[in-house]
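Below is the file query_4.pdb, which contains PDB, C-alpha atoms, pLDDT in the B column.
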ATOM      1  CA  MET A   9      82.874 -39.935  -0.378  1.00 86.00           C
ATOM      2  CA  SER A  10      80.732 -37.776   1.870  1.00 94.00           C
ATOM      3  CA  SER A  11      79.551 -34.217   1.411  1.00 97.00           C
ATOM      4  CA  PRO A  12      81.433 -31.583   3.434  1.00 98.00           C
ATOM      5  CA  GLU A  13      79.579 -29.925   6.265  1.00 98.00           C
ATOM      6  CA  ILE A  14      78.935 -26.185   6.154  1.00 98.00           C
ATOM      7  CA  ALA A  15      81.015 -25.114   9.153  1.00 98.00           C
ATOM      8  CA  SER A  16      79.725 -21.547   9.479  1.00 98.00           C
ATOM      9  CA  LEU A  17      77.401 -19.023   7.883  1.00 98.00           C
ATOM     10  CA  SER A  18      77.068 -15.293   8.362  1.00 97.00           C
ATOM     11  CA  TRP A  19      76.086 -12.422   6.068  1.00 98.00           C
ATOM     12  CA  GLY A  20      78.359 -12.653   3.016  1.00 97.00           C
ATOM     13  CA  GLN A  21      80.555 -15.426   4.454  1.00 98.00           C
ATOM     14  CA  MET A  22      80.411 -19.211   4.389  1.00 98.00           C
ATOM     15  CA  LYS A  23      83.031 -21.697   5.549  1.00 98.00           C
ATOM     16  CA  VAL A  24      82.973 -25.299   4.319  1.00 98.00           C
ATOM     17  CA  GLN A  25      84.668 -28.200   6.091  1.00 97.00           C
ATOM     18  CA  GLY A  26      87.911 -29.131   4.359  1.00 95.00           C
ATOM     19  CA  SER A  27      88.337 -25.777   2.581  1.00 96.00           C
ATOM     20  CA  SER A  28      90.433 -22.829   3.739  1.00 96.00           C
ATOM     21  CA  THR A  29      88.443 -20.478   1.483  1.00 96.00           C
ATOM     22  CA  THR A  30      85.728 -18.174   2.819  1.00 98.00           C
ATOM     23  CA  TYR A  31      82.940 -18.105   0.254  1.00 98.00           C
ATOM     24  CA  LYS A  32      80.295 -15.474  -0.411  1.00 97.00           C
ATOM     25  CA  ASP A  33      78.205 -17.863  -2.478  1.00 98.00           C
ATOM     26  CA  CYS A  34      79.193 -21.494  -2.858  1.00 98.00           C
ATOM     27  CA  LYS A  35      78.506 -24.861  -4.418  1.00 98.00           C
ATOM     28  CA  VAL A  36      79.100 -28.048  -2.418  1.00 98.00           C
ATOM     29  CA  TRP A  37      78.993 -31.730  -3.363  1.00 98.00           C
ATOM     30  CA  PRO A  38      80.322 -35.048  -2.085  1.00 98.00           C
ATOM     31  CA  GLY A  39      84.058 -34.517  -1.746  1.00 96.00           C
ATOM     32  CA  GLY A  40      84.284 -30.842  -2.629  1.00 97.00           C
ATOM     33  CA  SER A  41      83.204 -27.223  -2.790  1.00 98.00           C
ATOM     34  CA  ARG A  42      83.950 -24.063  -4.722  1.00 98.00           C
ATOM     35  CA  ALA A  43      82.859 -20.452  -5.072  1.00 98.00           C
ATOM     36  CA  TRP A  44      79.603 -19.956  -6.972  1.00 98.00           C
ATOM     37  CA  ASP A  45      80.299 -17.101  -9.378  1.00 96.00           C
ATOM     38  CA  TRP A  46      76.981 -15.975 -10.859  1.00 95.00           C
ATOM     39  CA  ARG A  47      78.806 -14.320 -13.772  1.00 93.00           C
ATOM     40  CA  GLU A  48      79.644 -17.776 -15.177  1.00 95.00           C
ATOM     41  CA  THR A  49      75.996 -18.284 -16.148  1.00 95.00           C
ATOM     42  CA  GLY A  50      74.644 -14.734 -16.131  1.00 93.00           C
ATOM     43  CA  THR A  51      72.552 -15.447 -13.037  1.00 95.00           C
ATOM     44  CA  GLU A  52      70.766 -12.570 -11.323  1.00 95.00           C
ATOM     45  CA  HIS A  53      68.322 -12.470  -8.398  1.00 96.00           C
ATOM     46  CA  SER A  54      65.513 -12.685 -10.944  1.00 96.00           C
ATOM     47  CA  PRO A  55      64.852 -14.956 -12.772  1.00 94.00           C
ATOM     48  CA  GLY A  56      67.288 -16.634 -10.371  1.00 97.00           C
ATOM     49  CA  VAL A  57      69.001 -20.026 -10.188  1.00 98.00           C
ATOM     50  CA  GLN A  58      69.245 -21.552 -13.656  1.00 97.00           C
ATOM     51  CA  PRO A  59      69.751 -25.225 -14.586  1.00 98.00           C
ATOM     52  CA  ALA A  60      73.289 -24.217 -15.653  1.00 97.00           C
ATOM     53  CA  ASP A  61      73.987 -23.125 -12.051  1.00 97.00           C
ATOM     54  CA  VAL A  62      73.186 -26.566 -10.626  1.00 98.00           C
ATOM     55  CA  LYS A  63      74.414 -28.795 -13.477  1.00 97.00           C
ATOM     56  CA  GLU A  64      77.953 -29.090 -12.088  1.00 97.00           C
ATOM     57  CA  VAL A  65      76.640 -30.298  -8.700  1.00 98.00           C
ATOM     58  CA  VAL A  66      74.165 -32.691 -10.364  1.00 97.00           C
ATOM     59  CA  GLU A  67      77.038 -34.234 -12.331  1.00 97.00           C
ATOM     60  CA  LYS A  68      78.754 -35.115  -9.026  1.00 97.00           C
ATOM     61  CA  GLY A  69      76.066 -37.765  -8.462  1.00 96.00           C
ATOM     62  CA  VAL A  70      73.973 -36.122  -5.738  1.00 98.00           C
ATOM     63  CA  ARG A  71      70.588 -37.573  -4.752  1.00 97.00           C
ATOM     64  CA  THR A  72      69.383 -34.395  -3.051  1.00 98.00           C
ATOM     65  CA  LEU A  73      70.142 -30.762  -3.867  1.00 98.00           C
ATOM     66  CA  VAL A  74      69.553 -27.940  -1.389  1.00 98.00           C
ATOM     67  CA  ILE A  75      69.246 -24.402  -2.748  1.00 98.00           C
ATOM     68  CA  GLY A  76      69.770 -21.460  -0.375  1.00 98.00           C
ATOM     69  CA  ARG A  77      67.876 -18.425  -1.679  1.00 98.00           C
ATOM     70  CA  GLY A  78      69.665 -15.870   0.516  1.00 98.00           C
ATOM     71  CA  MET A  79      69.102 -14.481   3.982  1.00 97.00           C
ATOM     72  CA  SER A  80      66.052 -12.493   2.806  1.00 97.00           C
ATOM     73  CA  GLU A  81      65.149 -14.973   0.031  1.00 97.00           C
ATOM     74  CA  ALA A  82      65.881 -12.426  -2.705  1.00 97.00           C
ATOM     75  CA  LEU A  83      67.248 -15.105  -5.044  1.00 98.00           C
ATOM     76  CA  LYS A  84      64.489 -16.688  -7.115  1.00 98.00           C
ATOM     77  CA  VAL A  85      64.320 -20.330  -8.199  1.00 98.00           C
ATOM     78  CA  PRO A  86      62.170 -20.673 -11.328  1.00 97.00           C
ATOM     79  CA  PRO A  87      60.012 -23.767 -11.951  1.00 97.00           C
ATOM     80  CA  SER A  88      62.264 -24.701 -14.907  1.00 96.00           C
ATOM     81  CA  THR A  89      65.192 -25.301 -12.524  1.00 98.00           C
ATOM     82  CA  VAL A  90      63.112 -27.428 -10.146  1.00 98.00           C
ATOM     83  CA  GLU A  91      61.746 -29.414 -13.125  1.00 98.00           C
ATOM     84  CA  TYR A  92      65.281 -29.945 -14.481  1.00 98.00           C
ATOM     85  CA  LEU A  93      66.361 -31.401 -11.133  1.00 98.00           C
ATOM     86  CA  GLU A  94      63.260 -33.565 -10.733  1.00 97.00           C
ATOM     87  CA  LYS A  95      63.743 -35.000 -14.241  1.00 97.00           C
ATOM     88  CA  GLN A  96      67.235 -36.056 -13.105  1.00 95.00           C
ATOM     89  CA  GLY A  97      65.610 -37.927 -10.200  1.00 97.00           C
ATOM     90  CA  ILE A  98      66.968 -35.460  -7.652  1.00 98.00           C
ATOM     91  CA  ASP A  99      65.077 -34.433  -4.532  1.00 98.00           C
ATOM     92  CA  VAL A 100      65.264 -30.632  -4.482  1.00 98.00           C
ATOM     93  CA  ARG A 101      64.799 -28.428  -1.429  1.00 98.00           C
ATOM     94  CA  VAL A 102      64.540 -24.656  -1.807  1.00 98.00           C
ATOM     95  CA  LEU A 103      64.895 -22.713   1.437  1.00 98.00           C
ATOM     96  CA  GLN A 104      66.026 -19.469   3.039  1.00 98.00           C
ATOM     97  CA  THR A 105      69.817 -19.838   3.370  1.00 98.00           C
ATOM     98  CA  GLN A 106      70.046 -20.306   7.148  1.00 98.00           C
ATOM     99  CA  GLN A 107      67.354 -23.002   6.951  1.00 98.00           C
ATOM    100  CA  ALA A 108      68.996 -24.469   3.846  1.00 98.00           C
ATOM    101  CA  VAL A 109      72.324 -24.842   5.667  1.00 98.00           C
ATOM    102  CA  LYS A 110      70.609 -26.587   8.612  1.00 98.00           C
ATOM    103  CA  GLU A 111      68.808 -28.936   6.205  1.00 98.00           C
ATOM    104  CA  TYR A 112      71.970 -29.603   4.209  1.00 98.00           C
ATOM    105  CA  ASN A 113      74.043 -30.357   7.327  1.00 98.00           C
ATOM    106  CA  ALA A 114      71.305 -32.679   8.672  1.00 98.00           C
ATOM    107  CA  LEU A 115      71.356 -34.595   5.368  1.00 98.00           C
ATOM    108  CA  VAL A 116      75.174 -34.790   5.503  1.00 98.00           C
ATOM    109  CA  ALA A 117      74.897 -36.248   9.025  1.00 98.00           C
ATOM    110  CA  GLN A 118      72.460 -38.871   7.694  1.00 97.00           C
ATOM    111  CA  GLY A 119      74.947 -39.891   5.002  1.00 97.00           C
ATOM    112  CA  VAL A 120      72.821 -38.657   2.093  1.00 97.00           C
ATOM    113  CA  ARG A 121      74.638 -37.870  -1.194  1.00 97.00           C
ATOM    114  CA  VAL A 122      73.677 -34.219  -0.954  1.00 98.00           C
ATOM    115  CA  GLY A 123      74.851 -31.144  -2.793  1.00 98.00           C
ATOM    116  CA  GLY A 124      73.968 -27.508  -2.500  1.00 98.00           C
ATOM    117  CA  VAL A 125      74.142 -24.048  -3.954  1.00 98.00           C
ATOM    118  CA  PHE A 126      74.006 -21.270  -1.385  1.00 98.00           C
ATOM    119  CA  HIS A 127      73.634 -17.480  -1.593  1.00 98.00           C
ATOM    120  CA  SER A 128      74.848 -15.886   1.658  1.00 97.00           C
ATOM    121  CA  THR A 129      73.609 -12.315   1.345  1.00 97.00           C
ATOM    122  CA  CYS A 130      70.223 -10.873   0.416  1.00 94.00           C
TER     123      CYS A 130
END
Mind converting the file's structure to structure tokens?
Amino acid sequence: MSSPEIASLSWGQMKVQGSSTTYKDCKVWPGGSRAWDWRETGTEHSPGVQPADVKEVVEKGVRTLVIGRGMSEALKVPPSTVEYLEKQGIDVRVLQTQQAVKEYNALVAQGVRVGGVFHSTC
């Protein structure tokens, strides 16, 4: 099962191939996607993306995880989250969201088992 391509990105809106939903923030993995609701884990811009935010995507068997920090990179990614992913043997890439989407889609095109968590505003 392949990862869905990110079909479009603009401020506050993301569309994922195979989903009729327009997301503000989203999680994607091989075979699926859903809204990323920060309230589920108490995530805020700082300290940022927590291991609990990426655990669901990790459990889908991804080899690479792309994290989009927002259009202005306001969303932090603490070392503890990167270390958590690396301990799972996952290649992690932390980028500004537009760059993260390009990277993610390139990995999808290469057939990599890639997942992502993306913040589409600040």
Enter the distance from CA of Thr49 in chain A to CA of Asp61 in chain A, in Å, rounded to one decimal.
6.7 Å
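For the structure in this document, the set picked by the PyMOL selection byres ((chain A and resi 84) around 10) is A:Glu52, A:His53, A:Ser54, A:Pro55, A:Gly56, A:Val57, A:Gln58, A:Gly76, A:Arg77, A:Gly78, A:Glu81, A:Ala82, A:Leu83, A:Val85, A:Pro86, A:Pro87, A:Val102.
Note that the spacing between CA of Val90 in chain A and CA of Val74 in chain A amounts to 10.9 Å.
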Find the residues around Ser27 in chain A up to 10 Å (only C-alpha atoms counted), leave out those fewer than 5 positions away in its own chain, and share them as a VMD selection string.
chain A and resid 12 15 40 to 42
Taking only C-alpha atoms into account, name the residue in A:Ile98, A:Ala60, A:Leu115, A:Ile75 that is nearest to Trp46 in chain A.
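Distance minimum relative to Trp46 in chain A lands on A:Ala60.
Take the candidates A:Arg71, A:Arg101, A:Lys23, A:Arg47 and check each one against Val122 in chain A using all atoms listed in the file; the shortest distance goes to A:Arg71.
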Output the residue selection produced by the PyMOL selection byres ((chain A and resi 79) around 6) on the file above, formatted as number ranges by chain.
A: 78, 80-81, 104-105, 129-130
Ranking A:Gly26, A:Phe126, A:Tyr31, A:Gln106 by minimum distance to Val65 in chain A and counting all atoms listed in the file, which one comes first?
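Closest to Val65 in chain A of all the choices is A:Phe126.
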Between CA of Glu67 in chain A and CA of Glu48 in chain A, what is the distance in Å, rounded to a tenth?
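These atoms are spaced 16.9 Å apart.
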Could you tell me which of A:Pro59, A:Lys110, A:Gly124, A:Thr30 comes closest to Tyr92 in chain A if we count all atoms listed in the file?
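Ranked by minimum distance to Tyr92 in chain A, first place goes to A:Pro59.
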Pick from A:Ser128, A:Thr89, A:Thr29, A:Gln96 nearest to Ala108 in chain A, counting all atoms listed in the file:
A:Ser128
